Amino acid sequence: MPISTCGSRRCARYSRTASTKRQYDLRERALALGWRLDQVVVIDSDLGQSGASAVDREGFQRLVSEVGLGRAGIVMGLEVSRLARNSTDWHRLLEICALADTLILDEDGVYDPAHFNDRLLLGLKGTMSEAELHVLRARLRGGILNKARRGELEIRLPIGFDYDPAGRVRLDPDVRVQESLRQFFRTFRRTGSATATVKAFRAEGLSFPHRIYRGPQTGELLWTDLEHSRALWLLHHPRYTGAFCFGRTRVRKQPDGSHRHQRLPSEEWVALIRDAHAGYITWDEYEENLRILRDNAQAPATGRDRGTPREGPALLQGLALCAKCGDRMTVRYHVNGTRRVPDYVCQREGVEHAQPICQQIVGGELDAAIGRLLVEVVTPITLGVALAVQKELESRSEDSDRLRRQAVERARYESDLARRRYMRCDPDNRLVADSLEAEWNQALRNQTVAQEHYDKQRESETGLDDQQRAAILALAKDFPRLWNDPHTADRERKRMARLLIADVTLLKEADIRAQVRFSGGATHRCTSRFPSRPGCCARPPPAWSPRLTDSSKITPIVKSRTGSTTKA
């Protein structure tokens, strides 16, 4: 049984149709060689597909199976090496043809893969075909890279950008899309966490834009809930700084035909041109966002920074340093009565090298003492700090209200558009009129839902805004009340502490010594003799005695990046 194949790929339409016709004419040559018409099988399911791989090529797989089962006497094609532009697939086919005594025919002649000379010639043709494909790819890739290095390559833009008629990159003309992205980056700078940003969008009822790139709805803009993976993707994309970038990932082909994407550092990118167009954040803000994400990583690493404030009551989470080895101390909790009490533990050596832990310090009274120290030190500037907090809260409320108002305006526009379409329709054409009427009704329902959501959020914010404003203005003049307010969340106390404290070095000897280093460089040293074992906090501890000290007289122990221990 002869098998005729049609599977070439051409660039020009005439060449493609002419080549296909010539391949179908091979059926006549099979008849001329003595086979009957019912014995000729034409495999043309791979038309338009590249022969670079046998994956997803149903025709080639069928050809190999027919030859392997001994059902084919000859394989015919104009250029049989195009059956597989891959040396592995091509030589595997030759091996199967040799075992099954199947001949191969092309325009140059008939070959028997069982003979060494014919097999050598067919192998050489396959190698040249693979090299031809490599040269074509290299030329195309070279043109792409050359254009990318100049910043002129047009690639798919992330949400928030668009090409103008002249082919230049601009911000998305939709103002609601722009405001959503700006609100996203502002929220991340405020919360310091991608997860907290997603929670803030959910709590405020804000949607996020998403553009469809596949399927029948390609190009349409959808508004859905913000997801954590989407937030991370936005924060890692340098295009939002206004930079042109290309070659951020390296693609590796797997044995099963799939592809693995490996992210590269910025110094290995093919092209990076800063300030190529307008953006939403600066490059410094982009790098700061990446630093925050690295610090927030859950996996422990050498030299890890403080991380983002979390929900637990440990005030010094991420700030406590061990005075003996210089490592950052982790947090454990134990229950004392009805409250959770933090324990600051230096356990890296114990975890990594099975060594005893350096020290473990109960943090209940320690946190309270640090809080009293902050109240004492920060009192002169509390009014300005609280007023700044008040201004930030007002700005947040205005941003969220503006985004929800834009959603209502968008729904109203879509409703008006559906109404105009319905009014322009011929009333006698009921098939079209009924469909347009249904779209108009759905648009009206969407507008009603958006308006009700906006009014509900507006009323809830308005009802609480005056009370919150009065409470904040009252607390603005009294920072101790703000710090000690039971309604102040532990997470917010940690955020305030991190704005003022760089780190706290702890040493447990006969007493507990804590050295607090503020961001401005000043240091305070506290000493106390209170129980340091878990469960021993029932007795009232002695008062701490904080005092301002000269930073030049303090010699905390720190660990360098190489692991050596030195004195600061």
# chains A, B, ... in the order shown; residues from 1 in each chain; ligands from 1
>>> residues_around(residues="Glu79 (chain A)", least_positions_apart="2", cutoff="8 Å", atoms="only C-alpha atoms", output="list of chain:residue names")
A:Gly77, A:Ser81, A:Arg82, A:Leu83, A:Asp106, A:Glu107
>>> residues_around(residues="Arg491 (chain A)", least_positions_apart="3", cutoff="12 Å", atoms="only C-alpha atoms", output="short mmCIF file (atom, residue, chain, number, x, y, z; two decimals) with N, CA and C atoms, in the first residue's frame")
data_model
loop_
_atom_site.label_atom_id
_atom_site.label_comp_id
_atom_site.auth_asym_id
_atom_site.auth_seq_id
_atom_site.Cartn_x
_atom_site.Cartn_y
_atom_site.Cartn_z
N THR A 191 -0.26 49.05 52.26
CA THR A 191 -0.37 47.81 53.02
C THR A 191 0.95 47.05 53.09
N GLY A 192 1.79 47.17 52.06
CA GLY A 192 3.05 46.46 52.06
C GLY A 192 2.93 44.98 51.82
N ALA A 196 -2.63 41.58 51.28
CA ALA A 196 -3.40 42.65 51.90
C ALA A 196 -4.01 43.57 50.86
N THR A 308 6.80 41.90 56.22
CA THR A 308 5.62 42.73 56.43
C THR A 308 4.99 42.44 57.78
N PRO A 309 4.36 43.42 58.42
CA PRO A 309 3.67 43.16 59.70
C PRO A 309 2.55 42.16 59.52
N ARG A 310 2.44 41.23 60.47
CA ARG A 310 1.41 40.20 60.38
C ARG A 310 0.39 40.39 61.50
N GLU A 311 -0.51 39.42 61.62
CA GLU A 311 -1.67 39.61 62.49
C GLU A 311 -1.39 39.33 63.95
N GLY A 312 -0.30 38.63 64.27
CA GLY A 312 -0.05 38.24 65.65
C GLY A 312 0.28 39.43 66.55
N PRO A 313 0.23 39.25 67.88
CA PRO A 313 0.47 40.35 68.81
C PRO A 313 1.93 40.68 69.03
N ALA A 314 2.88 39.93 68.45
CA ALA A 314 4.31 40.17 68.68
C ALA A 314 4.71 41.50 68.05
N LEU A 315 5.00 42.50 68.88
CA LEU A 315 5.33 43.83 68.39
C LEU A 315 6.66 43.86 67.64
N LEU A 316 7.62 43.04 68.07
CA LEU A 316 8.96 43.06 67.49
C LEU A 316 9.14 41.98 66.43
N GLN A 317 8.08 41.52 65.84
CA GLN A 317 8.18 40.52 64.78
C GLN A 317 8.98 41.10 63.62
N TRP A 483 -2.07 54.85 70.76
CA TRP A 483 -1.32 53.59 70.89
C TRP A 483 -2.05 52.60 71.80
N HIS A 487 -9.08 49.40 70.26
CA HIS A 487 -9.56 49.17 68.89
C HIS A 487 -8.43 49.23 67.86
N THR A 488 -7.24 49.67 68.27
CA THR A 488 -6.10 49.69 67.36
C THR A 488 -5.59 48.28 67.17
N LYS A 494 2.28 47.45 64.79
CA LYS A 494 3.55 47.03 64.19
C LYS A 494 3.97 47.99 63.09
N ARG A 495 3.02 48.43 62.28
CA ARG A 495 3.35 49.37 61.20
C ARG A 495 3.90 50.67 61.77
N MET A 496 3.28 51.18 62.85
CA MET A 496 3.77 52.41 63.46
C MET A 496 5.15 52.20 64.06
N ALA A 497 5.37 51.03 64.68
CA ALA A 497 6.68 50.75 65.28
C ALA A 497 7.77 50.67 64.21
N ARG A 498 7.46 50.09 63.07
CA ARG A 498 8.45 49.94 62.01
C ARG A 498 8.81 51.26 61.36
#
>>> atom_distance(atom1="CA of Leu232 (chain A)", atom2="CA of Gln178 (chain A)")
18.1 Å
>>> residues_around(residues="Val449 (chain A)", least_positions_apart="6", cutoff="10 Å", atoms="only C-alpha atoms", output="PyMOL selection string")
chain A and resi 408+411+443+455
>>> write_last_selection(atoms="N, CA and C atoms", output="PDB file, in the first residue's frame")
ATOM      1  N   VAL A 408     -20.200  53.166  37.965  1.00  0.00           N
ATOM      2  CA  VAL A 408     -21.584  53.563  37.689  1.00  0.00           C
ATOM      3  C   VAL A 408     -21.676  54.296  36.357  1.00  0.00           C
ATOM      4  N   ALA A 411     -21.508  51.743  33.569  1.00  0.00           N
ATOM      5  CA  ALA A 411     -22.774  51.015  33.425  1.00  0.00           C
ATOM      6  C   ALA A 411     -23.837  51.894  32.778  1.00  0.00           C
ATOM      7  N   ALA A 443     -28.527  45.595  30.407  1.00  0.00           N
ATOM      8  CA  ALA A 443     -27.713  46.774  30.710  1.00  0.00           C
ATOM      9  C   ALA A 443     -28.366  47.626  31.791  1.00  0.00           C
ATOM     10  N   ASP A 455     -24.364  53.432  46.159  1.00  0.00           N
ATOM     11  CA  ASP A 455     -25.107  54.125  47.212  1.00  0.00           C
ATOM     12  C   ASP A 455     -24.898  53.455  48.565  1.00  0.00           C
TER      13      ASP A 455
END
>>> atom_distance(atom1="CA of Arg513 (chain A)", atom2="CA of Arg339 (chain A)")
24.3 Å
>>> atom_distance(atom1="CA of Arg424 (chain A)", atom2="CA of Ala438 (chain A)")
14.8 Å
>>> residues_around(residues="Cys97 (chain A)", least_positions_apart="2", cutoff="8 Å", atoms="only C-alpha atoms", output="list in words")
Val67, Gly68, Leu93, Leu94, Glu95, Leu99, Ala100, Asp101, Thr102, Leu103, Pro113 and Ala114 of chain A
>>> select_by_dssp(residues="region 175-270 of chain A", states="helix (DSSP H, G or I)", output="PyMOL selection string")
chain A and resi 175-191+194-203+228-236+238-241+266-268
>>> write_last_selection(atoms="C-alpha atoms", output="PDB file, in the first residue's frame")
ATOM      1  CA  VAL A 175      -9.932  56.568  32.739  1.00  0.00           C
ATOM      2  CA  ARG A 176     -11.447  53.881  34.959  1.00  0.00           C
ATOM      3  CA  VAL A 177      -8.675  51.454  33.966  1.00  0.00           C
ATOM      4  CA  GLN A 178      -6.020  54.051  34.782  1.00  0.00           C
ATOM      5  CA  GLU A 179      -7.522  54.852  38.170  1.00  0.00           C
ATOM      6  CA  SER A 180      -7.816  51.150  39.045  1.00  0.00           C
ATOM      7  CA  LEU A 181      -4.113  50.586  38.406  1.00  0.00           C
ATOM      8  CA  ARG A 182      -3.083  53.697  40.320  1.00  0.00           C
ATOM      9  CA  GLN A 183      -5.307  52.616  43.214  1.00  0.00           C
ATOM     10  CA  PHE A 184      -3.673  49.184  43.108  1.00  0.00           C
ATOM     11  CA  PHE A 185      -0.131  50.556  43.442  1.00  0.00           C
ATOM     12  CA  ARG A 186      -1.199  53.063  46.125  1.00  0.00           C
ATOM     13  CA  THR A 187      -2.849  50.294  48.123  1.00  0.00           C
ATOM     14  CA  PHE A 188       0.245  48.108  47.907  1.00  0.00           C
ATOM     15  CA  ARG A 189       2.471  50.926  49.130  1.00  0.00           C
ATOM     16  CA  ARG A 190       0.059  51.456  52.007  1.00  0.00           C
ATOM     17  CA  THR A 191      -0.370  47.812  53.020  1.00  0.00           C
ATOM     18  CA  ALA A 194       0.090  41.632  47.845  1.00  0.00           C
ATOM     19  CA  THR A 195      -2.384  39.604  49.892  1.00  0.00           C
ATOM     20  CA  ALA A 196      -3.399  42.654  51.904  1.00  0.00           C
ATOM     21  CA  THR A 197      -3.901  44.570  48.652  1.00  0.00           C
ATOM     22  CA  VAL A 198      -6.273  41.896  47.353  1.00  0.00           C
ATOM     23  CA  LYS A 199      -8.160  41.923  50.663  1.00  0.00           C
ATOM     24  CA  ALA A 200      -8.460  45.724  50.524  1.00  0.00           C
ATOM     25  CA  PHE A 201      -9.971  45.579  47.034  1.00  0.00           C
ATOM     26  CA  ARG A 202     -12.427  42.889  48.149  1.00  0.00           C
ATOM     27  CA  ALA A 203     -13.372  44.798  51.306  1.00  0.00           C
ATOM     28  CA  HIS A 228      -3.397  37.240  44.286  1.00  0.00           C
ATOM     29  CA  SER A 229      -1.565  35.799  41.264  1.00  0.00           C
ATOM     30  CA  ARG A 230      -2.671  38.783  39.215  1.00  0.00           C
ATOM     31  CA  ALA A 231      -1.390  41.172  41.876  1.00  0.00           C
ATOM     32  CA  LEU A 232       2.026  39.512  41.895  1.00  0.00           C
ATOM     33  CA  TRP A 233       2.188  39.621  38.100  1.00  0.00           C
ATOM     34  CA  LEU A 234       1.451  43.354  38.094  1.00  0.00           C
ATOM     35  CA  LEU A 235       4.068  44.088  40.742  1.00  0.00           C
ATOM     36  CA  HIS A 236       6.766  42.147  38.870  1.00  0.00           C
ATOM     37  CA  PRO A 238       8.537  46.514  34.663  1.00  0.00           C
ATOM     38  CA  ARG A 239       6.316  47.896  31.907  1.00  0.00           C
ATOM     39  CA  TYR A 240       4.286  49.820  34.487  1.00  0.00           C
ATOM     40  CA  THR A 241       7.335  52.031  35.093  1.00  0.00           C
ATOM     41  CA  SER A 266      17.308  42.085  34.662  1.00  0.00           C
ATOM     42  CA  GLU A 267      20.980  42.128  33.628  1.00  0.00           C
ATOM     43  CA  GLU A 268      20.329  39.158  31.310  1.00  0.00           C
TER      44      GLU A 268
END
>>> select_by_dssp(residues="region 188-352 of chain A", states="strand (DSSP E or B)", output="VMD selection string")
chain A and resid 208 to 211 221 to 224 244 to 246 249 to 253 259 to 263 271 to 273 320 to 322 328 330 to 336 339 to 345
>>> residues_around(residues="Thr249 (chain A)", least_positions_apart="3", cutoff="6 Å", atoms="only C-alpha atoms", output="list in words")
Gln262, Arg263 and Leu264 of chain A
>>> residues_around(residues="region 117-122 of chain A", least_positions_apart="3", cutoff="10 Å", atoms="only C-alpha atoms", output="mmCIF file with C-alpha atoms, in the first residue's frame")
data_model
loop_
_atom_site.group_PDB
_atom_site.id
_atom_site.type_symbol
_atom_site.label_atom_id
_atom_site.label_comp_id
_atom_site.auth_asym_id
_atom_site.auth_seq_id
_atom_site.Cartn_x
_atom_site.Cartn_y
_atom_site.Cartn_z
ATOM 1 C CA VAL A 80 10.232 13.403 2.183
ATOM 2 C CA SER A 81 12.615 15.084 4.610
ATOM 3 C CA TRP A 90 13.294 11.519 10.996
ATOM 4 C CA HIS A 91 15.825 8.799 11.921
ATOM 5 C CA LEU A 94 13.932 5.572 8.733
ATOM 6 C CA GLU A 95 14.587 2.828 11.283
ATOM 7 C CA ALA A 98 14.037 -0.385 7.297
ATOM 8 C CA ILE A 104 10.621 5.970 0.340
ATOM 9 C CA VAL A 110 13.249 5.746 -4.797
ATOM 10 C CA TYR A 111 15.202 4.793 -1.662
ATOM 11 C CA ASP A 112 15.405 1.643 0.417
ATOM 12 C CA PRO A 113 16.174 2.551 4.064
ATOM 13 C CA ALA A 114 17.448 -1.001 4.614
ATOM 14 C CA LYS A 125 18.672 15.138 3.521
ATOM 15 C CA GLY A 126 17.008 15.175 6.932
ATOM 16 C CA THR A 127 19.997 16.976 8.463
ATOM 17 C CA MET A 128 19.970 19.598 5.711
#
>>> residues_around(residues="Gln360 (chain A)", least_positions_apart="3", cutoff="12 Å", atoms="only C-alpha atoms", output="list of chain:residue names")
A:Ala320, A:Leu321, A:Cys322, A:Ala323, A:Lys324, A:Met329, A:Thr330, A:Val331, A:Arg332, A:Tyr333, A:Pro342, A:Asp343, A:Tyr344, A:Val345, A:Cys346, A:Gln347, A:Pro356, A:Ile357, A:Gly363, A:Leu506, A:Leu507, A:Lys508, A:Glu509, A:Ile512, A:Pro531, A:Ser532, A:Arg533, A:Pro534
>>> write_last_selection(atoms="N, CA and C atoms", output="JSON list (two decimals), in the first residue's frame")
[["chain", "number", "residue", "atom", "x", "y", "z"],
["A", 320, "ALA", "N", 13.50, 41.93, 66.02],
["A", 320, "ALA", "CA", 14.36, 41.44, 67.10],
["A", 320, "ALA", "C", 15.61, 40.77, 66.54],
["A", 321, "LEU", "N", 16.78, 41.18, 67.06],
["A", 321, "LEU", "CA", 18.06, 40.59, 66.69],
["A", 321, "LEU", "C", 18.68, 39.94, 67.92],
["A", 322, "CYS", "N", 19.38, 38.84, 67.69],
["A", 322, "CYS", "CA", 20.07, 38.15, 68.76],
["A", 322, "CYS", "C", 21.43, 38.83, 68.99],
["A", 323, "ALA", "N", 21.68, 39.24, 70.24],
["A", 323, "ALA", "CA", 22.94, 39.92, 70.54],
["A", 323, "ALA", "C", 24.11, 38.94, 70.59],
["A", 324, "LYS", "N", 23.86, 37.64, 70.65],
["A", 324, "LYS", "CA", 24.94, 36.67, 70.73],
["A", 324, "LYS", "C", 25.49, 36.28, 69.36],
["A", 329, "MET", "N", 15.72, 37.00, 65.10],
["A", 329, "MET", "CA", 14.99, 36.07, 65.96],
["A", 329, "MET", "C", 13.58, 35.85, 65.42],
["A", 330, "THR", "N", 13.10, 34.63, 65.55],
["A", 330, "THR", "CA", 11.76, 34.28, 65.11],
["A", 330, "THR", "C", 10.79, 34.38, 66.28],
["A", 331, "VAL", "N", 9.51, 34.18, 65.98],
["A", 331, "VAL", "CA", 8.46, 34.37, 66.98],
["A", 331, "VAL", "C", 7.72, 33.05, 67.20],
["A", 332, "ARG", "N", 7.55, 32.72, 68.45],
["A", 332, "ARG", "CA", 6.65, 31.63, 68.86],
["A", 332, "ARG", "C", 5.61, 32.23, 69.80],
["A", 333, "TYR", "N", 4.55, 31.48, 70.05],
["A", 333, "TYR", "CA", 3.50, 31.95, 70.95],
["A", 333, "TYR", "C", 3.19, 30.86, 71.97],
["A", 342, "PRO", "N", 3.96, 36.32, 73.06],
["A", 342, "PRO", "CA", 5.02, 35.95, 72.11],
["A", 342, "PRO", "C", 6.32, 35.58, 72.82],
["A", 343, "ASP", "N", 7.08, 34.69, 72.21],
["A", 343, "ASP", "CA", 8.43, 34.34, 72.64],
["A", 343, "ASP", "C", 9.36, 34.61, 71.46],
["A", 344, "TYR", "N", 10.42, 35.34, 71.70],
["A", 344, "TYR", "CA", 11.41, 35.62, 70.67],
["A", 344, "TYR", "C", 12.54, 34.61, 70.82],
["A", 345, "VAL", "N", 12.76, 33.81, 69.75],
["A", 345, "VAL", "CA", 13.66, 32.67, 69.81],
["A", 345, "VAL", "C", 14.70, 32.81, 68.69],
["A", 346, "CYS", "N", 15.96, 32.60, 69.04],
["A", 346, "CYS", "CA", 17.04, 32.52, 68.04],
["A", 346, "CYS", "C", 17.32, 31.04, 67.80],
["A", 347, "GLN", "N", 16.79, 30.50, 66.69],
["A", 347, "GLN", "CA", 16.82, 29.06, 66.49],
["A", 347, "GLN", "C", 17.35, 28.65, 65.12],
["A", 356, "PRO", "N", 22.10, 23.79, 69.90],
["A", 356, "PRO", "CA", 21.17, 24.40, 70.87],
["A", 356, "PRO", "C", 20.85, 25.84, 70.48],
["A", 357, "ILE", "N", 19.65, 26.26, 70.81],
["A", 357, "ILE", "CA", 19.26, 27.62, 70.48],
["A", 357, "ILE", "C", 20.06, 28.61, 71.32],
["A", 363, "GLY", "N", 8.16, 37.68, 75.39],
["A", 363, "GLY", "CA", 7.99, 39.01, 74.84],
["A", 363, "GLY", "C", 6.82, 39.80, 75.36],
["A", 506, "LEU", "N", 18.49, 42.00, 71.46],
["A", 506, "LEU", "CA", 18.10, 41.41, 72.75],
["A", 506, "LEU", "C", 19.22, 40.53, 73.29],
["A", 507, "LEU", "N", 19.44, 40.62, 74.60],
["A", 507, "LEU", "CA", 20.45, 39.81, 75.26],
["A", 507, "LEU", "C", 19.88, 39.33, 76.59],
["A", 508, "LYS", "N", 19.93, 38.03, 76.80],
["A", 508, "LYS", "CA", 19.41, 37.41, 78.02],
["A", 508, "LYS", "C", 20.58, 36.90, 78.84],
["A", 509, "GLU", "N", 20.80, 37.54, 80.00],
["A", 509, "GLU", "CA", 21.82, 37.08, 80.94],
["A", 509, "GLU", "C", 21.17, 36.98, 82.31],
["A", 512, "ILE", "N", 17.36, 40.95, 81.40],
["A", 512, "ILE", "CA", 17.06, 41.07, 79.98],
["A", 512, "ILE", "C", 17.46, 42.47, 79.53],
["A", 531, "PRO", "N", 10.85, 37.47, 84.84],
["A", 531, "PRO", "CA", 10.91, 36.07, 84.42],
["A", 531, "PRO", "C", 10.94, 35.97, 82.91],
["A", 532, "SER", "N", 11.83, 35.14, 82.39],
["A", 532, "SER", "CA", 11.99, 34.98, 80.95],
["A", 532, "SER", "C", 11.54, 33.64, 80.45],
["A", 533, "ARG", "N", 10.92, 32.80, 81.33],
["A", 533, "ARG", "CA", 10.46, 31.50, 80.87],
["A", 533, "ARG", "C", 8.98, 31.54, 80.54],
["A", 534, "PRO", "N", 8.54, 30.80, 79.52],
["A", 534, "PRO", "CA", 7.11, 30.75, 79.21],
["A", 534, "PRO", "C", 6.32, 30.26, 80.40]]
>>> decode(residues="region 53-143 of chain A", atoms="C-alpha atoms", output="compact mmCIF listing (two decimals), in the first residue's frame")
# COMPACT_ATOMS: atom_id res chain seq x y z
CA SER A 53 8.09 18.30 16.05
CA ALA A 54 5.87 15.23 15.92
CA VAL A 55 3.76 16.49 18.83
CA ASP A 56 0.14 17.28 17.82
CA ARG A 57 0.78 16.04 14.26
CA GLU A 58 -1.91 13.44 13.77
CA GLY A 59 -0.92 12.69 10.18
CA PHE A 60 2.72 11.92 10.95
CA GLN A 61 1.73 9.73 13.89
CA ARG A 62 -0.67 7.82 11.67
CA LEU A 63 2.07 7.38 9.05
CA VAL A 64 4.47 5.93 11.62
CA SER A 65 1.83 3.53 12.93
CA GLU A 66 0.90 2.28 9.43
CA VAL A 67 4.54 1.72 8.53
CA GLY A 68 5.28 0.03 11.86
CA LEU A 69 2.36 -2.39 11.36
CA GLY A 70 3.71 -3.37 7.93
CA ARG A 71 0.72 -1.98 6.04
CA ALA A 72 2.71 0.39 3.79
CA GLY A 73 4.91 -0.63 0.87
CA ILE A 74 6.16 2.83 -0.04
CA VAL A 75 5.99 6.36 1.36
CA MET A 76 5.75 9.09 -1.29
CA GLY A 77 6.32 12.84 -1.00
CA LEU A 78 7.81 15.75 -2.92
CA GLU A 79 10.45 16.28 -0.23
CA VAL A 80 10.23 13.40 2.18
CA SER A 81 12.62 15.08 4.61
CA ARG A 82 9.78 17.52 5.31
CA LEU A 83 7.93 14.69 6.98
CA ALA A 84 10.01 15.58 10.05
CA ARG A 85 12.35 18.55 10.30
CA ASN A 86 13.71 16.96 13.43
CA SER A 87 16.60 14.49 13.39
CA THR A 88 15.13 12.38 16.17
CA ASP A 89 11.75 11.88 14.46
CA TRP A 90 13.29 11.52 11.00
CA HIS A 91 15.83 8.80 11.92
CA ARG A 92 13.19 6.96 13.95
CA LEU A 93 10.99 6.86 10.81
CA LEU A 94 13.93 5.57 8.73
CA GLU A 95 14.59 2.83 11.28
CA ILE A 96 10.95 1.70 11.23
CA CYS A 97 10.88 1.73 7.39
CA ALA A 98 14.04 -0.39 7.30
CA LEU A 99 12.55 -2.96 9.67
CA ALA A 100 9.24 -3.08 7.75
CA ASP A 101 10.86 -3.15 4.24
CA THR A 102 9.04 0.07 3.30
CA LEU A 103 10.46 2.18 0.46
CA ILE A 104 10.62 5.97 0.34
CA LEU A 105 10.07 8.02 -2.82
CA ASP A 106 10.57 11.70 -3.60
CA GLU A 107 11.24 13.73 -6.73
CA ASP A 108 14.85 12.51 -6.91
CA GLY A 109 14.14 8.81 -6.84
CA VAL A 110 13.25 5.75 -4.80
CA TYR A 111 15.20 4.79 -1.66
CA ASP A 112 15.41 1.64 0.42
CA PRO A 113 16.17 2.55 4.06
CA ALA A 114 17.45 -1.00 4.61
CA HIS A 115 20.44 -0.24 2.34
CA PHE A 116 23.28 1.70 3.89
CA ASN A 117 23.87 4.09 0.98
CA ASP A 118 20.19 5.04 0.64
CA ARG A 119 19.86 5.45 4.37
CA LEU A 120 22.97 7.63 4.47
CA LEU A 121 21.58 9.86 1.75
CA LEU A 122 18.17 10.12 3.44
CA GLY A 123 19.84 10.97 6.76
CA LEU A 124 21.85 13.72 5.03
CA LYS A 125 18.67 15.14 3.52
CA GLY A 126 17.01 15.17 6.93
CA THR A 127 20.00 16.98 8.46
CA MET A 128 19.97 19.60 5.71
CA SER A 129 16.23 20.09 6.16
CA GLU A 130 16.69 20.63 9.89
CA ALA A 131 19.52 23.07 9.20
CA GLU A 132 17.32 24.95 6.75
CA LEU A 133 14.66 25.36 9.41
CA HIS A 134 17.30 26.57 11.88
CA VAL A 135 18.56 29.20 9.41
CA LEU A 136 15.03 30.48 8.81
CA ARG A 137 14.39 30.76 12.53
CA ALA A 138 17.73 32.48 13.12
CA ARG A 139 16.93 35.11 10.49
CA LEU A 140 13.50 35.80 11.94
CA ARG A 141 14.85 35.82 15.51
CA GLY A 142 17.66 38.17 14.52
CA GLY A 143 15.19 40.66 13.08
